[in-house]
Each structure stands twice: as structure tokens, then as C-alpha cells.
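Novice: Next up is a structure, given as C-alpha cells.
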Amino acid sequence: MWSAKGFALNEMHGFGGQHPWEGVFTTLAPLLNHPDDDGPHLTPAQCAAILPRLQEIAGRPRGKSTDPLLQRHIDDARRLVVVLQLCVEKDVDLLFG
């Protein structure tokens, strides 16, 4: 659940729920409301908007958690931060496919 931003991720379309993304305001919405393997590209401006929040999430201390799935998600988020930074620096779209 992601109640800090006023919505529960598991209730959203694409994450097991049916709640639409319209009306949900978070800088991560273009990323969260995007098909994993297709769909429109994210522009450099969208990447720049997503980047600070994703950096914050990826940089949080993990505490003493040894959950391998959590570790994998954090590692994936850190890799995505690098990709977003490159898209912004090189002024290119982030392609999905």
C-alpha cells in the first residue's frame, strides 16, 4: 500500500486493482501508469520529473531487511535512476519494449 501519496498502489489499474490513474497526482504516475513492454516513450522532461522522487526512494536505507525481493526492487530502482539520468543528460526519450 502507498498511502503516503493518498492512494494504495495495489488498488491501482496495472497493480492488481481497478482504480484509474486519472486524478492521482504523483511525479511517478507516468512511470507507474505505463505498460512494462510497450506504450508511449517517456520524454526527457518526464524523466526529469520522475528522477528526484525515484532517487529518494532508491536511496532510502534498507535497515536490516534481508528480503531478497525487496533488495531486487531497490537494485532495479537504482538502475532505472541511472537510465533516467542518461535520458535527461542526452535529451533522449526512454523507450519501452
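Going by the C-alpha cells order, chains are called A, B, ..., each with residues numbered from 1, while ligands are numbered from 1 in the order shown.
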Residues of stretch 17-37 of chain A within 9 Å of stretch 41-54 of chain A: nearest atom pair and distance (Å, one decimal) for each, counting only C-alpha atoms, sorted by chain and number, as a tab-separated table?

Specialist:
```
residue	atom	partner	partner_atom	distance
A:Thr26	CA	A:Ile50	CA	8.9
A:Thr27	CA	A:Ile50	CA	5.4
A:Leu28	CA	A:Ile50	CA	5.4
A:Ala29	CA	A:Ile50	CA	8.4
A:Pro30	CA	A:Gln46	CA	7.4
A:Leu31	CA	A:Ile50	CA	7.7
```

Novice: For the residues in that selection, give me N, CA, C and O atoms as a PDB file, in the first residue's frame.

Specialist:
```pdb
ATOM      1  N   THR A  26       1.080  12.274  -8.651  1.00  0.00           N
ATOM      2  CA  THR A  26       2.405  11.935  -8.158  1.00  0.00           C
ATOM      3  C   THR A  26       3.364  12.066  -9.331  1.00  0.00           C
ATOM      4  O   THR A  26       2.984  11.771 -10.470  1.00  0.00           O
ATOM      5  N   THR A  27       4.561  12.485  -9.070  1.00  0.00           N
ATOM      6  CA  THR A  27       5.539  12.614 -10.154  1.00  0.00           C
ATOM      7  C   THR A  27       5.871  11.270 -10.785  1.00  0.00           C
ATOM      8  O   THR A  27       6.372  11.216 -11.899  1.00  0.00           O
ATOM      9  N   LEU A  28       5.561  10.184 -10.082  1.00  0.00           N
ATOM     10  CA  LEU A  28       5.837   8.845 -10.611  1.00  0.00           C
ATOM     11  C   LEU A  28       4.712   8.294 -11.488  1.00  0.00           C
ATOM     12  O   LEU A  28       4.871   7.236 -12.097  1.00  0.00           O
ATOM     13  N   ALA A  29       3.596   8.996 -11.596  1.00  0.00           N
ATOM     14  CA  ALA A  29       2.446   8.491 -12.351  1.00  0.00           C
ATOM     15  C   ALA A  29       2.792   8.106 -13.789  1.00  0.00           C
ATOM     16  O   ALA A  29       2.349   7.049 -14.253  1.00  0.00           O
ATOM     17  N   PRO A  30       3.570   8.901 -14.550  1.00  0.00           N
ATOM     18  CA  PRO A  30       3.877   8.471 -15.923  1.00  0.00           C
ATOM     19  C   PRO A  30       4.626   7.135 -15.980  1.00  0.00           C
ATOM     20  O   PRO A  30       4.466   6.383 -16.934  1.00  0.00           O
ATOM     21  N   LEU A  31       5.382   6.836 -14.965  1.00  0.00           N
ATOM     22  CA  LEU A  31       6.114   5.571 -14.915  1.00  0.00           C
ATOM     23  C   LEU A  31       5.216   4.441 -14.404  1.00  0.00           C
ATOM     24  O   LEU A  31       5.176   3.359 -14.984  1.00  0.00           O
TER      25      LEU A  31
END
```

Novice: Need the shell around stretch 15-21 of chain A: protein/DNA/RNA residues with any atom at most 7 Å away, counting only C-alpha atoms. Skip same-chain ones fewer than 5 positions apart. Format as a list of chain:residue names?

Specialist: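 These residues fall inside the cut-off: A:Leu9, A:Asn10, A:Asn33.
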